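Peer 1: Next comes structure-v2.csv, CSV, C-alpha atoms:
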chain,number,residue,atom,x,y,z
A,15,ASP,CA,79.6,101.4,104.3
A,16,GLN,CA,83.3,101.5,104.9
A,17,GLN,CA,84.5,98.0,105.5
A,18,VAL,CA,88.1,99.2,105.9
A,19,LYS,CA,88.6,102.2,108.1
A,20,GLN,CA,91.6,104.4,108.8
A,21,ASN,CA,90.5,106.8,111.5
A,22,SER,CA,93.5,109.0,111.5
A,23,PRO,CA,93.5,111.2,108.3
A,24,SER,CA,97.0,112.4,109.1
A,25,LEU,CA,100.0,111.7,111.3
A,26,SER,CA,103.2,113.7,112.0
A,27,VAL,CA,106.3,112.0,113.3
A,28,GLN,CA,109.9,113.2,114.0
A,29,GLU,CA,112.6,111.6,111.8
A,30,GLY,CA,114.1,108.6,113.5
A,31,ARG,CA,111.0,107.9,115.6
A,32,ILE,CA,108.4,105.2,115.1
A,33,SER,CA,105.4,105.8,112.9
A,34,ILE,CA,102.3,103.7,113.7
A,35,LEU,CA,99.5,103.7,111.2
A,36,ASN,CA,96.2,102.0,112.2
A,37,CYS,CA,93.5,100.2,110.2
A,38,ASP,CA,90.3,98.6,111.3
A,39,TYR,CA,88.0,96.3,109.3
A,40,THR,CA,84.5,95.1,109.8
A,41,ASN,CA,84.3,92.1,107.5
A,42,SER,CA,85.5,88.9,109.3
A,43,MET,CA,85.7,87.2,105.9
A,44,PHE,CA,88.8,89.3,105.0
A,45,ASP,CA,91.8,87.0,105.2
A,46,TYR,CA,94.6,89.0,103.6
A,47,PHE,CA,95.6,92.6,104.0
A,48,LEU,CA,97.9,94.9,102.2
A,49,TRP,CA,99.5,98.3,102.8
A,50,TYR,CA,100.1,100.7,99.9
A,51,LYS,CA,102.1,103.8,99.9
A,52,LYS,CA,101.2,106.7,97.6
A,53,TYR,CA,103.2,109.8,96.7
A,54,PRO,CA,101.5,112.8,95.2
A,55,ALA,CA,100.9,112.5,91.4
A,56,GLU,CA,101.8,108.8,91.5
A,57,GLY,CA,99.8,105.6,91.8
A,58,PRO,CA,99.8,103.6,95.0
A,59,THR,CA,102.6,101.1,95.3
A,60,PHE,CA,102.6,97.9,97.3
A,61,LEU,CA,104.5,98.1,100.5
A,62,ILE,CA,103.8,95.0,102.7
A,63,SER,CA,101.1,92.4,103.2
A,64,ILE,CA,99.9,89.9,105.9
A,65,SER,CA,97.9,86.8,105.7
A,66,SER,CA,95.3,86.1,108.4
A,67,ILE,CA,97.2,83.0,109.5
A,68,LYS,CA,100.0,85.3,110.8
A,69,ASP,CA,100.0,88.0,113.4
A,70,LYS,CA,103.1,89.7,112.2
A,71,ASN,CA,105.1,90.3,109.0
A,72,GLU,CA,108.3,92.2,108.8
A,73,ASP,CA,110.2,93.7,105.9
A,74,GLY,CA,113.1,95.9,106.8
A,75,ARG,CA,111.9,99.0,108.5
A,76,PHE,CA,108.3,98.0,108.0
A,77,THR,CA,106.3,95.7,110.2
A,78,VAL,CA,102.6,94.9,110.0
A,79,PHE,CA,100.7,93.5,113.0
A,80,LEU,CA,97.3,91.8,112.7
A,81,ASN,CA,94.9,91.3,115.6
A,82,LYS,CA,92.1,89.2,114.2
A,83,SER,CA,90.0,89.2,117.3
A,84,ALA,CA,90.0,93.0,117.3
A,85,LYS,CA,89.8,93.2,113.5
A,86,HIS,CA,92.7,95.6,113.7
A,87,LEU,CA,96.0,95.9,111.9
A,88,SER,CA,98.8,98.4,112.2
A,89,LEU,CA,101.8,99.3,110.2
A,90,HIS,CA,105.0,100.2,112.1
A,91,ILE,CA,107.8,102.1,110.4
A,92,VAL,CA,111.0,102.4,112.4
A,93,PRO,CA,113.1,104.4,112.1
A,94,SER,CA,110.9,106.9,110.2
A,95,GLN,CA,112.6,108.8,107.4
A,96,PRO,CA,111.5,111.9,105.5
A,97,GLY,CA,111.1,109.8,102.3
A,98,ASP,CA,108.4,107.9,104.1
A,99,SER,CA,106.1,111.0,103.9
A,100,ALA,CA,103.2,109.8,101.8
A,101,VAL,CA,99.6,108.6,102.1
A,102,TYR,CA,99.3,105.1,103.3
A,103,PHE,CA,96.3,102.9,102.4
A,104,CYS,CA,95.2,99.7,104.0
A,105,ALA,CA,93.4,97.3,101.7
A,106,ALA,CA,91.8,93.9,101.6
A,107,PRO,CA,90.9,91.7,98.6
A,108,TYR,CA,87.3,90.5,98.8
A,109,GLY,CA,85.6,88.5,96.0
A,110,GLN,CA,86.7,90.1,92.8
A,111,ASN,CA,87.6,93.4,94.3
A,112,PHE,CA,89.9,95.2,96.6
A,113,VAL,CA,88.5,97.3,99.4
A,114,PHE,CA,90.6,100.3,100.4
A,115,GLY,CA,90.6,102.4,103.5
A,116,PRO,CA,90.6,106.2,103.1
A,117,GLY,CA,94.3,106.6,103.7
A,118,THR,CA,96.4,108.2,106.4
A,119,ARG,CA,98.8,111.0,105.4
A,120,LEU,CA,102.2,110.5,107.1
A,121,SER,CA,104.5,113.5,107.5
A,122,VAL,CA,108.0,112.7,108.8
A,123,LEU,CA,109.6,115.9,110.0
A,124,PRO,CA,113.4,116.3,109.7
B,65,ASP,CA,110.3,99.4,82.3
B,66,THR,CA,106.9,100.6,83.5
B,67,ALA,CA,104.7,97.8,84.7
B,68,VAL,CA,101.3,99.6,84.4
B,69,SER,CA,101.0,102.6,82.2
B,70,GLN,CA,98.2,105.0,81.6
B,71,THR,CA,97.6,107.7,79.0
B,72,PRO,CA,97.0,110.5,79.1
B,73,LYS,CA,98.3,111.7,82.5
B,74,TYR,CA,96.2,114.8,82.4
B,75,LEU,CA,92.9,115.3,80.5
B,76,VAL,CA,91.0,118.6,80.5
B,77,THR,CA,87.8,118.6,78.5
B,78,GLN,CA,84.3,120.1,78.2
B,79,MET,CA,81.1,118.8,79.6
B,80,GLY,CA,79.3,116.6,77.2
B,81,ASN,CA,82.4,115.3,75.5
B,82,ASP,CA,83.3,111.6,75.1
B,83,LYS,CA,86.8,110.6,76.1
B,84,SER,CA,89.0,107.5,76.6
B,85,ILE,CA,91.8,106.7,79.0
B,86,LYS,CA,94.2,103.9,78.0
B,87,CYS,CA,95.8,101.4,80.3
B,88,GLU,CA,98.5,98.8,79.5
B,89,GLN,CA,100.3,96.3,81.7
B,90,ASN,CA,103.3,94.2,80.9
B,91,LEU,CA,103.2,92.0,83.9
B,92,GLY,CA,101.3,89.2,82.3
B,93,HIS,CA,98.4,89.6,84.7
B,94,ASP,CA,95.0,88.3,83.9
B,95,THR,CA,93.0,90.8,85.9
B,96,MET,CA,92.8,94.5,85.5
B,97,TYR,CA,90.9,97.2,87.3
B,98,TRP,CA,89.8,100.8,87.1
B,99,TYR,CA,89.5,102.9,90.3
B,100,LYS,CA,88.3,106.4,90.8
B,101,GLN,CA,89.8,108.6,93.5
B,102,ASP,CA,87.3,111.2,94.4
B,103,SER,CA,87.7,114.6,96.0
B,104,LYS,CA,87.8,113.0,99.4
B,105,LYS,CA,90.7,110.8,98.3
B,106,PHE,CA,88.8,107.6,98.6
B,107,LEU,CA,89.9,104.9,96.2
B,108,LYS,CA,86.7,103.3,94.8
B,109,ILE,CA,86.6,100.3,92.5
B,110,MET,CA,84.8,100.9,89.2
B,111,PHE,CA,85.5,97.7,87.3
B,112,SER,CA,87.4,94.5,87.6
B,113,TYR,CA,88.0,92.5,84.4
B,114,ASN,CA,89.7,89.3,83.4
B,115,ASN,CA,89.5,87.3,80.3
B,116,LYS,CA,86.3,85.7,81.5
B,117,GLU,CA,84.4,88.1,83.5
B,118,LEU,CA,83.6,91.8,83.9
B,119,ILE,CA,82.5,92.9,87.3
B,120,ILE,CA,80.9,96.2,87.4
B,121,ASN,CA,80.4,98.3,90.5
B,122,GLU,CA,76.7,98.9,90.3
B,123,THR,CA,77.1,102.5,91.4
B,124,VAL,CA,79.1,103.4,88.3
B,125,PRO,CA,77.0,105.2,85.6
B,126,ASN,CA,76.6,103.4,82.3
B,127,ARG,CA,78.3,106.3,80.7
B,128,PHE,CA,81.5,104.5,81.8
B,129,SER,CA,82.5,101.4,79.9
B,130,PRO,CA,85.7,99.4,79.9
B,131,LYS,CA,87.0,98.0,76.7
B,132,SER,CA,89.7,95.3,76.6
B,133,PRO,CA,91.2,94.7,73.1
B,134,ASP,CA,93.6,92.1,74.6
B,135,LYS,CA,94.8,90.8,78.0
B,136,ALA,CA,97.4,93.5,78.4
B,137,HIS,CA,95.0,96.5,77.9
B,138,LEU,CA,91.9,97.8,79.6
B,139,ASN,CA,90.7,101.1,78.3
B,140,LEU,CA,88.1,103.3,79.9
B,141,HIS,CA,85.5,105.1,77.8
B,142,ILE,CA,83.4,107.9,79.2
B,143,ASN,CA,80.5,109.3,77.3
B,144,SER,CA,78.8,112.6,77.9
B,145,LEU,CA,81.2,113.8,80.6
B,146,GLU,CA,79.8,115.6,83.6
B,147,LEU,CA,81.4,117.9,86.1
B,148,GLY,CA,81.2,115.2,88.8
B,149,ASP,CA,83.4,113.0,86.7
B,150,SER,CA,86.4,115.2,87.6
B,151,ALA,CA,88.7,112.9,89.6
B,152,VAL,CA,91.9,110.9,89.3
B,153,TYR,CA,91.4,107.5,87.6
B,154,PHE,CA,93.8,104.7,88.4
B,155,CYS,CA,94.3,101.5,86.4
B,156,ALA,CA,95.7,98.5,88.2
B,157,SER,CA,96.4,94.8,87.5
B,158,SER,CA,96.9,91.7,89.5
B,159,LEU,CA,97.0,87.9,89.3
B,160,PRO,CA,93.5,86.4,89.6
B,161,LEU,CA,92.0,86.9,93.1
B,162,GLY,CA,91.6,83.9,95.4
B,163,GLY,CA,95.1,82.6,95.4
B,164,GLY,CA,95.9,84.2,98.7
B,165,GLN,CA,98.8,86.3,97.6
B,166,GLU,CA,97.0,89.1,95.7
B,167,THR,CA,98.8,92.3,95.1
B,168,GLN,CA,97.7,95.0,92.8
B,169,TYR,CA,100.0,97.1,90.7
B,170,PHE,CA,98.8,100.6,89.9
B,171,GLY,CA,99.4,102.9,87.1
B,172,PRO,CA,100.4,106.6,87.7
B,173,GLY,CA,96.8,107.9,87.4
B,174,THR,CA,95.0,110.1,84.9
B,175,ARG,CA,93.8,113.4,86.2
B,176,LEU,CA,90.5,114.3,84.5
B,177,LEU,CA,89.1,117.8,84.8
B,178,VAL,CA,85.7,118.4,83.3
B,179,LEU,CA,84.9,122.1,82.7
Mind turning this structure into structure tokens?

Peer 2:
Amino acid sequence: DQQVKQNSPSLSVQEGRISILNCDYTNSMFDYFLWYKKYPAEGPTFLISISSIKDKNEDGRFTVFLNKSAKHLSLHIVPSQPGDSAVYFCAAPYGQNFVFGPGTRLSVLP
Amino acid sequence: DTAVSQTPKYLVTQMGNDKSIKCEQNLGHDTMYWYKQDSKKFLKIMFSYNNKELIINETVPNRFSPKSPDKAHLNLHINSLELGDSAVYFCASSLPLGGGQETQYFGPGTRLLVL
């Protein structure tokens, strides 16, 4: 049972445009969310996080939005750059573990 | 300086062998993890471990066992390797969960191929 879902396996965006990656969760006990970025042959690296007491967190070109009532969060990247091409995972800590979504592969086209 | 390191990066071995993957973190974290990324690219937790407690994902076969010689290391031992064990294994570490600011730091992964 996937508690964290990323329904788009892949996304292609033109350089300079906005990339929007979506994540849905089912467990209302989740109160903290993270986005990780993963390049091929490397481990995931932390990108940005958001606590459930907020609905937005911004860090440079990256902004995460949280809609608790819809159990939905999204990562916005603007402007998108070719170096942003990677797999993006949404995750939530729960108990002694982290629950990860299946990832969305973002391709930013020059 | 690498925060979380794993060795080896690649491991090719025969079915039935026993192998170990090493993980070290220099972040001073108390909690370490092992993940398996399967062929569908899902990241699935295998173990989480701190000085006090080992949490095992009950779906993990008992051929897999974590060993922690000290707080900075969590090695993964795999006995009687099977074809289905082929995957990428990631080690990670974090501060203890529950503080509200949890972030995991991942190693580069070990690509295991069982022939």

Peer 1: Could you tell me which residues of chain A sit within 10 Å of chain B when counting only C-alpha atoms, and give me the result as a count of residues only?

Peer 2: 36

Peer 1: May I have the residues at most 9 Å from (94.4, 110.5, 107.6) in the file's coordinates, counting all atoms listed in the file, as an MDAnalysis selection string?

Peer 2: chainID A and resid 20:25 101:102 116:120

Peer 1: Considering all atoms listed in the file, return as a list in words whatever protein or nucleic-acid residues lie within 8 Å of Leu140 of chain B, sequence-local ones (same chain, fewer than 2 positions apart) excluded.

Peer 2: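 The residues satisfying every condition are Ser84, Ile85, Lys86, Cys87, Trp98, Phe128, Ser129, Pro130, Lys131, Leu138 and Ile142 of chain B.
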
Peer 1: What is the distance between atom CA of Ser158 of chain B and atom CA of His141 of chain B, in Å to one decimal?

Peer 2: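 Result for atom CA of Ser158 of chain B versus atom CA of His141 of chain B: 21.1 Å, one decimal.
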
Peer 1: What is the distance, in Å and to one decimal place, between atom CA of Cys37 of chain A and atom CA of Val122 of chain A?

Peer 2: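 Atom-to-atom, atom CA of Cys37 of chain A to atom CA of Val122 of chain A, that is 19.2 Å.
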
Peer 1: Quick one: distance from atom CA of Ala100 of chain A to atom CA of Ser33 of chain A in Å, one decimal?

Peer 2: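 So the answer is 12.0 Å.
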
Peer 1: Got a sec: who's within 7 Å of Asn90 of chain B, counting only C-alpha atoms, leaving out chain neighbours fewer than 2 positions off, as an MDAnalysis selection string?

Peer 2: chainID B and resid 67:68 88 92 136

Peer 1: Could you list as a ChimeraX atom specification every residue that has an atom within 10 Å of (96.1, 101.5, 114.5), using the file's coordinates and counting only C-alpha atoms?

Peer 2: /A:19-22,34-38,79-80,86-90

Peer 1: Restrict the selected residues to C-alpha atoms and save them as a short mmCIF file (atom, residue, chain, number, x, y, z; two decimals), in the coordinates of the input.

Peer 2:
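Okay, this is what ended up in again_29.cif:
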data_model
loop_
_atom_site.label_atom_id
_atom_site.label_comp_id
_atom_site.auth_asym_id
_atom_site.auth_seq_id
_atom_site.Cartn_x
_atom_site.Cartn_y
_atom_site.Cartn_z
CA LYS A 19 88.60 102.20 108.10
CA GLN A 20 91.60 104.40 108.80
CA ASN A 21 90.50 106.80 111.50
CA SER A 22 93.50 109.00 111.50
CA ILE A 34 102.30 103.70 113.70
CA LEU A 35 99.50 103.70 111.20
CA ASN A 36 96.20 102.00 112.20
CA CYS A 37 93.50 100.20 110.20
CA ASP A 38 90.30 98.60 111.30
CA PHE A 79 100.70 93.50 113.00
CA LEU A 80 97.30 91.80 112.70
CA HIS A 86 92.70 95.60 113.70
CA LEU A 87 96.00 95.90 111.90
CA SER A 88 98.80 98.40 112.20
CA LEU A 89 101.80 99.30 110.20
CA HIS A 90 105.00 100.20 112.10
#

Peer 1: Which neighbours of Gly30 of chain A fall inside 9 Å, counting all atoms listed in the file, when residues of the same chain fewer than 6 positions from it are skipped, and could you give them as a list of chain:residue names?

Peer 2: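 What passes the distance filter is A:Val92, A:Pro93, A:Ser94, A:Gln95, A:Val122, A:Pro124.
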
Peer 1: Do you know which residues are at most 7 Å from Ala151 of chain B counting all atoms listed in the file, after dropping those on the same chain fewer than 6 positions away, and could you put them as a ChimeraX atom specification?

Peer 2: /B:100-103,175-177

Peer 1: Using all atoms listed in the file, which of the listed residues (A:Thr40, A:Gln16, A:Ser26, A:Ser99) sits closest to Ser83 of chain A?

Peer 2: A:Thr40
